[in-house]
Structures are given as structure tokens and as C-alpha cells.
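Participant: Can you keep this structure in mind? I'll have questions shortly.
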Amino acid sequence: MLTLGVEEEYLLIDPRDGTPLPRAAEVLAAADLAPALRPEEAQPELLQVQVETATPVCEDLPAVARHLSRVRAGLNAAAAQHGCRVVPVGAAPFGLDEPVPVTDGSRYRRARREAPALVDDLMLNGMHVHVGVEDEEERLGALVRLRPWLPVLIALSANSPYWRGRDTHFASWRTVHFDQWAVSGPPPAFADAADYRRRVAALGAAGAIADEGQVYWHARLSSRYPTVEVRAADVQLTVADTELFAGLVRALVVRSVLDERNGAPRPAVPEELLRAATWHAARTGPRGRLVSPVSGTARPAADVLAEFRAHLAPGLRATGDTGRIAELWTEFERTGNGADRQRRWYDEGGRQGLTEHLIASTVRPDR
């Protein structure tokens with residue numbers, strides 16, 4: 001079984017109307033003093049309207065869920081002390097009239113200088129899943145093999161339909177918006193680990209990135225840990241949703257490692273098709289049609305999701321997560337993904353109703 005860890009990014013909002021509030025420094029200072037939180041469990045992000053959390057290395061999904069439940073509750077309590085709340089939303093539904101201050105750090109200040117228009121609008125929050133794979137070549141092989149399935153993951157996990165008070169008509173606006181950065185979108189199909197290192201180094205030498213942290217592909221090899229880091233998903237509304245997608249990602253990596261060990265042919269997906277599949281997945285979510293990684297053609301989304309589950313089955317058996325994922329998936333299908341729920345909440349209660357539901361989702365373990 002491969003270990004896993006999860007990073008989540010949250011937005012700080014005014015509980016009265018959902019407006020982003022730049023109070024990360026105050027919230028994190030209060031969190032450091034909270035008995036339920038350890039200092040390393042919450043960190044600043046690029047903008048002062050965001051905070052980030054990270055689990056320790058976990059052996060199983062219940063450990064991920066326990067950790068995130070505790071940290072979400074602790075952070076929300078710390079935020080309440082400063083007149084705001086943390087919400088797990090992929091893009092800020094409502095905006096500010098003025099630029100959002102960046103966190104005081106050389107890396108963040110450099111990003112603001114180099115791309116001020118992008119940084120000012122970067123109120124976007126993702127969920128990053130690290131899956132431990134000790135062998136470097138197996139990590140690289142897993143990265144290449146999971147590429148075709150990333151658009152399906154984006155469609156399922158979409159949780160960012162609103163932006164600056166309007167419905168974008170995308171299920172994951174975060175995916176489209178974030179892919180304006182120089183090195184973003186689907187990862188290339190690298191030949192081997194040396195090819196990966198060489199090409200990332202070339203990006204740095206060309207000045208396209210300042211460091212490996214600016215490699216914003218939807219999946220990459222972590223520069224700090226022996227992990228495959230899948231960054232495609234929007235942050236999820238509830239802990240149960242996060243547990244589901246952490247399990248799906250780990251199963252996807254495990255299936256890819258098994259195929260690598262068995263010498264199965266690596267999938268050959270044209271770059272332009274993968275980018276187009278990503279755009280359409282972000283637009284429609286798990287509705288309408290998606291590009292099938294099996295056939296390379298557009299098919300009904302329900303059929304592609306069935307292919308996805310069949311592809312993951314060996315990985316789920318290997319991790320022992322088959323039963324738990326089936327349970328979580330059934331409830332997820334019943335309620336819809338984050339984009340579906342946000343639109344339903346907005347239709348029912350407008351701006352205030354959406355804000356109240358987002359706040360409640362932070363500390364609610366289920367849906």
C-alpha cells in the first residue's frame with residue numbers, strides 16, 4: 001500500500017456576505033495558539049485571503065479524514081476570532097474592489113512584480129494529493145500513465161462555478177483561470193526521470209520559472225518528497241469529499257505503478273487532445289460528454305465515469321479502499337459535486353444562502 005498526504009487551500013471570507021477578507025496573518029497567529037492545531041498544520045498562501053493546510057503522511061483514508069476534520073474546525077475557530085471564516089471553495093464566488101495584498105515573502109513579492117494582473121486574481125484554491133512511490137522511475141511512469149485520466153478527475157472534483165458574483169458557466173473556473181500561468185495544464189509525456197529533471201531545469205534556465213514550485217502542471221513529481229503530486233482537483237466542500245478524491249487519486253497512482261511494473265504500454269495521448277479534454281471537463285463537469293481516455297472520443301459522461309471506475313478497481317483492491325470508496329461515491333452521486341451544490345444553494349438562497357452553506361461545509365464531515 002502506498003502512503004498519501006493531502007494539502008488543502010481555503011478562502012477567508014466575511015460571514016455576512018462572502019466577501020474575501022485579507023486576514024490570513026491574524027488567523028494563523030490565532031491558530032498557532034489553538035490547542036487543536038500544531039504550528040506546522042496551517043501555513044500562509046500567496047494571498048492574504050487564503051490559508052493552506054497539510055496532513056502528515058497517512059497510511060489510510062480514515063487518518064486523512066480525522067486530521068482534516070480537526071484542522072478545519074481549529075482553523076474556523078481561529079478565523080471566527082477575527083471576524084471571518086474559512087471556506088473550501090475552488091474560486092472566490094465574490095470579489096474585492098481593490099487588489100488583495102500578498103503574503104510578505106520574497107517569493108510572493110516577486111510573483112506580484114512579474115505577473116500583477118494574474119496574482120491579483122489568484123483567489124483560487126486546490127486540493128493536492130501526494131502519493132508515496134519510492135522508486136523514481138516508477139514515479140515518473142505513474143505520472144505519464146495517469147495523464148489521460150486527469151480531465152475526468154477535474155470534471156468530478158469541480159467546485160468553482162462562480163467568480164466575482166457571476167456564474168462563469170464553467171464547473172471548474174479555477175482550472176481555466178489557473179492555466180494562464182507559464183507552466184501549467186497537463187504534464188508532458190516524459191521519457192524517463194532524467195528527461196523530467198532535464199526539462200524542468202531547462203524551464204528554469206530559460207527564466208520561465210523561478211523555482212520548481214512554479215511548475216503548475218496538474219500532476220508533477222514533488223521536488224521535496226518521493227511522491228507523485230496530483231494537483232488537478234479543486235479543494236472539496238466537505239471532509240467526506242476530500243476523503244473520496246484522496247482515495248481515487250491514490251488508486252489511480254497505484255494502478256499506474258502496477259501497469260508500469262507489468263510492462264503494459266504507456267498511453268499515447270496527443271497534447272492538443274489532452275488540453276482540449278481538460279477545457280471541456282472544466283466547463284461541463286460530470287455532465288454532458290467527456291473525452292474517453294479509452295477510446296479518445298467524446299462519450300456520455302456517465303460512460304466515461306464507468307470507465308474511470310473500472311480503471312481504478314485494481315488500485316482500490318490493492319489499497320483496501322474498495323468498500324469505502326463505493327460508499328463515498330454513492331453519496332457523492334446523490335448530492336452532486338461542489339459545482340452542482342453551489343449552484344443549488346445560490347438558486348435557493350442567493351448570495352447569503354451560498355455563503356452560509358459554504359461556511360457550514362467547512363466543518364461538516366459529510367454532505
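Convention: chains lettered A, B, ... in C-alpha cells order; per-chain residue numbering from 1; ligands numbered from 1 as shown.
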What are the closest atom pairs, with distances in Å to one decimal, for each residue of range 158-178 of chain A lying within 6 Å of range 75-94 of chain A, using only C-alpha atoms, rows by chain and rising residue number, as JSON lines?

Facilitator:
```
{"residue": "A:Asn159", "atom": "CA", "partner": "A:Gly90", "partner_atom": "CA", "distance": 5.3}
{"residue": "A:Ser160", "atom": "CA", "partner": "A:Gly90", "partner_atom": "CA", "distance": 4.6}
{"residue": "A:Tyr162", "atom": "CA", "partner": "A:Pro93", "partner_atom": "CA", "distance": 4.6}
{"residue": "A:Trp163", "atom": "CA", "partner": "A:Pro93", "partner_atom": "CA", "distance": 4.6}
{"residue": "A:Arg164", "atom": "CA", "partner": "A:Phe94", "partner_atom": "CA", "distance": 4.1}
{"residue": "A:Gly165", "atom": "CA", "partner": "A:Phe94", "partner_atom": "CA", "distance": 4.7}
{"residue": "A:Arg174", "atom": "CA", "partner": "A:Ala91", "partner_atom": "CA", "distance": 5.7}
```

Participant: Could you give me, as CSV, a per-residue list for range 217-336 of chain A showing, wherever an atom lies at most 12 Å from an atom of range 193-203 of chain A, the closest pair of atoms and their distance in Å to one decimal, using only C-alpha atoms and sorting by chain then residue number from low to high?

Facilitator:
```
residue,atom,partner,partner_atom,distance
A:Trp217,CA,A:Val200,CA,11.3
A:Arg220,CA,A:Tyr196,CA,9.4
A:Leu221,CA,A:Tyr196,CA,8.7
A:Ser222,CA,A:Arg197,CA,11.3
A:Ser223,CA,A:Arg197,CA,10.0
```

Participant: Would you output that residue set with all heavy atoms, as a CSV table (one decimal), in the first residue's frame?

Facilitator:
```csv
chain,number,residue,atom,x,y,z
A,217,TRP,N,1.9,22.2,-13.3
A,217,TRP,CA,1.1,21.1,-14.0
A,217,TRP,C,0.1,20.5,-13.1
A,217,TRP,O,0.2,20.5,-11.9
A,217,TRP,CB,2.1,20.0,-14.5
A,217,TRP,CG,3.0,20.5,-15.6
A,217,TRP,CD1,2.7,21.3,-16.7
A,217,TRP,CD2,4.4,20.2,-15.7
A,217,TRP,NE1,3.9,21.5,-17.4
A,217,TRP,CE2,4.9,20.9,-16.9
A,217,TRP,CE3,5.3,19.5,-14.9
A,217,TRP,CZ2,6.2,20.8,-17.2
A,217,TRP,CZ3,6.7,19.4,-15.3
A,217,TRP,CH2,7.1,20.0,-16.5
A,220,ARG,N,2.6,16.4,-11.0
A,220,ARG,CA,4.1,16.5,-11.2
A,220,ARG,C,4.8,15.6,-10.2
A,220,ARG,O,4.1,15.0,-9.3
A,220,ARG,CB,4.5,18.0,-10.9
A,220,ARG,CG,4.2,18.4,-9.5
A,220,ARG,CD,4.5,19.9,-9.3
A,220,ARG,NE,4.4,20.3,-7.9
A,220,ARG,CZ,4.5,21.6,-7.4
A,220,ARG,NH1,4.6,22.6,-8.3
A,220,ARG,NH2,4.4,21.8,-6.1
A,221,LEU,N,6.1,15.5,-10.3
A,221,LEU,CA,6.9,14.8,-9.3
A,221,LEU,C,7.2,15.9,-8.2
A,221,LEU,O,7.8,16.9,-8.6
A,221,LEU,CB,8.1,14.2,-9.9
A,221,LEU,CG,7.9,13.2,-11.0
A,221,LEU,CD1,9.2,12.6,-11.4
A,221,LEU,CD2,6.9,12.1,-10.6
A,222,SER,N,7.0,15.6,-7.0
A,222,SER,CA,7.3,16.5,-5.9
A,222,SER,C,8.8,16.8,-5.9
A,222,SER,O,9.6,15.9,-6.0
A,222,SER,CB,6.8,16.0,-4.6
A,222,SER,OG,7.2,16.9,-3.5
A,223,SER,N,9.2,18.0,-5.7
A,223,SER,CA,10.6,18.4,-5.5
A,223,SER,C,11.1,18.2,-4.1
A,223,SER,O,12.3,18.2,-3.9
A,223,SER,CB,10.8,19.8,-5.9
A,223,SER,OG,10.1,20.7,-5.1
```

Participant: For Gly288 in chain A, which residue out of A:Ala251, A:Gln214, A:Val6, A:Pro300 is the nearest one, using only C-alpha atoms?

Facilitator: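 Once distances to Gly288 in chain A are computed over only C-alpha atoms, the minimum belongs to A:Pro300.
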
Participant: Give the strand (DSSP E) residues of range 27-97 of chain A, as DSSP finds them on the backbone, and put them as a PyMOL selection string.

Facilitator: chain A and resi 42-44+50-54+85-87

Participant: What's the 9 Å shell around Gly185 in chain A, counting only C-alpha atoms, without same-chain residues fewer than 3 positions away, as a list in words?

Facilitator: Thr175, Val176, Phe178, Asp179, Gln180, Trp181, Tyr216, Trp217, His218, Ala219, Ala232, Arg275 and Thr278 of chain A

Participant: Export all heavy atoms of the chosen residues as a tab-separated table (two decimals), in the first residue's frame?

Facilitator:
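Everything below was put into again.tsv:
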```
chain	number	residue	atom	x	y	z
A	175	THR	N	-9.68	25.79	-12.83
A	175	THR	CA	-8.84	25.10	-13.80
A	175	THR	C	-8.49	26.02	-14.96
A	175	THR	O	-7.32	26.14	-15.35
A	175	THR	CB	-9.54	23.84	-14.33
A	175	THR	OG1	-9.74	22.93	-13.23
A	175	THR	CG2	-8.71	23.16	-15.39
A	176	VAL	N	-9.50	26.69	-15.51
A	176	VAL	CA	-9.28	27.56	-16.67
A	176	VAL	C	-8.45	28.78	-16.29
A	176	VAL	O	-7.52	29.17	-16.99
A	176	VAL	CB	-10.64	27.98	-17.26
A	176	VAL	CG1	-10.46	28.93	-18.42
A	176	VAL	CG2	-11.43	26.75	-17.70
A	178	PHE	N	-6.40	29.25	-13.65
A	178	PHE	CA	-5.04	28.97	-13.20
A	178	PHE	C	-4.12	28.60	-14.36
A	178	PHE	O	-2.90	28.80	-14.29
A	178	PHE	CB	-5.05	27.84	-12.17
A	178	PHE	CG	-3.87	27.85	-11.24
A	178	PHE	CD1	-3.90	28.57	-10.07
A	178	PHE	CD2	-2.71	27.15	-11.55
A	178	PHE	CE1	-2.81	28.61	-9.22
A	178	PHE	CE2	-1.62	27.17	-10.71
A	178	PHE	CZ	-1.66	27.90	-9.53
A	179	ASP	N	-4.69	28.08	-15.42
A	179	ASP	CA	-3.86	27.64	-16.54
A	179	ASP	C	-3.37	28.79	-17.41
A	179	ASP	O	-2.80	28.56	-18.48
A	179	ASP	CB	-4.63	26.62	-17.39
A	179	ASP	CG	-4.64	25.24	-16.75
A	179	ASP	OD1	-4.05	25.11	-15.66
A	179	ASP	OD2	-5.24	24.32	-17.31
A	180	GLN	N	-3.50	30.03	-16.92
A	180	GLN	CA	-2.88	31.16	-17.60
A	180	GLN	C	-1.40	31.29	-17.24
A	180	GLN	O	-0.68	32.05	-17.88
A	180	GLN	CB	-3.59	32.46	-17.21
A	180	GLN	CG	-5.04	32.51	-17.65
A	180	GLN	CD	-5.74	33.75	-17.15
A	180	GLN	OE1	-5.77	34.78	-17.83
A	180	GLN	NE2	-6.30	33.68	-15.96
A	181	TRP	N	-0.94	30.56	-16.23
A	181	TRP	CA	0.46	30.65	-15.83
A	181	TRP	C	1.35	29.95	-16.87
A	181	TRP	O	0.90	29.07	-17.62
A	181	TRP	CB	0.67	30.05	-14.45
A	181	TRP	CG	0.12	30.95	-13.38
A	181	TRP	CD1	-1.15	30.96	-12.89
A	181	TRP	CD2	0.81	32.02	-12.72
A	181	TRP	NE1	-1.29	31.95	-11.96
A	181	TRP	CE2	-0.11	32.62	-11.83
A	181	TRP	CE3	2.10	32.52	-12.78
A	181	TRP	CZ2	0.23	33.71	-11.01
A	181	TRP	CZ3	2.45	33.59	-11.98
A	181	TRP	CH2	1.52	34.17	-11.11
A	216	TYR	N	3.35	24.32	-12.40
A	216	TYR	CA	1.96	24.20	-12.01
A	216	TYR	C	1.19	23.18	-12.83
A	216	TYR	O	-0.02	23.32	-13.02
A	216	TYR	CB	1.28	25.56	-12.12
A	216	TYR	CG	1.81	26.63	-11.19
A	216	TYR	CD1	1.98	27.94	-11.65
A	216	TYR	CD2	2.12	26.35	-9.87
A	216	TYR	CE1	2.46	28.93	-10.80
A	216	TYR	CE2	2.60	27.33	-9.02
A	216	TYR	CZ	2.77	28.62	-9.49
A	216	TYR	OH	3.24	29.61	-8.65
A	217	TRP	N	1.86	22.16	-13.32
A	217	TRP	CA	1.13	21.11	-14.03
A	217	TRP	C	0.08	20.47	-13.13
A	217	TRP	O	0.20	20.48	-11.90
A	217	TRP	CB	2.10	20.03	-14.51
A	217	TRP	CG	3.04	20.50	-15.58
A	217	TRP	CD1	2.74	21.28	-16.67
A	217	TRP	CD2	4.44	20.21	-15.67
A	217	TRP	NE1	3.86	21.50	-17.43
A	217	TRP	CE2	4.92	20.85	-16.85
A	217	TRP	CE3	5.33	19.47	-14.89
A	217	TRP	CZ2	6.25	20.77	-17.25
A	217	TRP	CZ3	6.66	19.39	-15.29
A	217	TRP	CH2	7.10	20.03	-16.46
A	218	HIS	N	-0.92	19.88	-13.73
A	218	HIS	CA	-1.98	19.23	-12.97
A	218	HIS	C	-1.48	18.03	-12.18
A	218	HIS	O	-2.15	17.57	-11.25
A	218	HIS	CB	-3.11	18.80	-13.90
A	218	HIS	CG	-3.79	19.95	-14.57
A	218	HIS	ND1	-4.52	19.83	-15.74
A	218	HIS	CD2	-3.85	21.28	-14.25
A	218	HIS	CE1	-4.99	21.01	-16.10
A	218	HIS	NE2	-4.59	21.90	-15.22
A	219	ALA	N	-0.34	17.52	-12.55
A	219	ALA	CA	0.34	16.48	-11.77
A	219	ALA	C	1.83	16.64	-12.03
A	219	ALA	O	2.24	17.02	-13.14
A	219	ALA	CB	-0.14	15.08	-12.15
A	232	ALA	N	-4.75	18.43	-9.68
A	232	ALA	CA	-5.81	18.77	-10.63
A	232	ALA	C	-7.11	19.18	-9.96
A	232	ALA	O	-7.88	19.95	-10.54
A	232	ALA	CB	-6.07	17.58	-11.56
A	275	ARG	N	-5.29	18.71	-23.73
A	275	ARG	CA	-5.64	20.09	-23.32
A	275	ARG	C	-7.11	20.38	-23.64
A	275	ARG	O	-7.81	21.02	-22.84
A	275	ARG	CB	-4.73	21.10	-24.01
A	275	ARG	CG	-3.28	21.03	-23.58
A	275	ARG	CD	-2.51	22.26	-23.99
A	275	ARG	NE	-2.94	23.42	-23.23
A	275	ARG	CZ	-2.43	23.78	-22.06
A	275	ARG	NH1	-1.47	23.06	-21.50
A	275	ARG	NH2	-2.88	24.85	-21.44
A	278	THR	N	-9.26	18.65	-21.14
A	278	THR	CA	-9.23	19.36	-19.86
A	278	THR	C	-10.19	20.54	-19.87
A	278	THR	O	-10.95	20.75	-18.92
A	278	THR	CB	-7.79	19.85	-19.58
A	278	THR	OG1	-6.92	18.71	-19.47
A	278	THR	CG2	-7.73	20.66	-18.31
```

Participant: Give me, please, the distance in Å between CA of Gln48 in chain A and CA of Val119 in chain A, quoted to one decimal.

Facilitator: 11.5 Å

Participant: Could you give me, as an NGL selection string, the residues within 10 Å of His357 in chain A, counting only C-alpha atoms and dropping anything in the same chain fewer than 3 positions from it?

Facilitator: :A and (87 or 237 or 341-342 or 345-346 or 349 or 352-354 or 360-362)

Participant: Please, could you write that set of residues out with C-alpha atoms as a PDB file, in the first residue's frame?

Facilitator:
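Dumped to out-v5.pdb:
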```
ATOM      1  CA  VAL A  87     -14.399  28.080   3.313  1.00  0.00           C
ATOM      2  CA  LEU A 237     -16.505  21.193   0.192  1.00  0.00           C
ATOM      3  CA  ARG A 341     -24.204  22.091  -4.836  1.00  0.00           C
ATOM      4  CA  GLN A 342     -23.014  25.687  -5.082  1.00  0.00           C
ATOM      5  CA  TRP A 345     -27.502  26.779  -2.856  1.00  0.00           C
ATOM      6  CA  TYR A 346     -27.313  30.027  -4.802  1.00  0.00           C
ATOM      7  CA  GLY A 349     -30.823  31.433  -1.129  1.00  0.00           C
ATOM      8  CA  GLN A 352     -26.325  34.842   1.626  1.00  0.00           C
ATOM      9  CA  GLY A 353     -27.550  31.291   1.190  1.00  0.00           C
ATOM     10  CA  LEU A 354     -24.430  30.279  -0.713  1.00  0.00           C
ATOM     11  CA  ALA A 360     -21.209  25.015   7.125  1.00  0.00           C
ATOM     12  CA  SER A 361     -19.386  22.739   4.664  1.00  0.00           C
ATOM     13  CA  THR A 362     -16.006  23.530   6.200  1.00  0.00           C
TER      14      THR A 362
END
```

Participant: How far is it from CA of Ala158 in chain A to CA of Gly350 in chain A, in Å with one decimal?

Facilitator: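 Spanning CA of Ala158 in chain A to CA of Gly350 in chain A is a straight-line distance of 20.1 Å.
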
Participant: Measuring atom to atom with only C-alpha atoms, identify which of A:Pro101, A:Arg23, A:Val64, A:Val228 is nearest to Pro116 in chain A.

Facilitator: A:Pro101
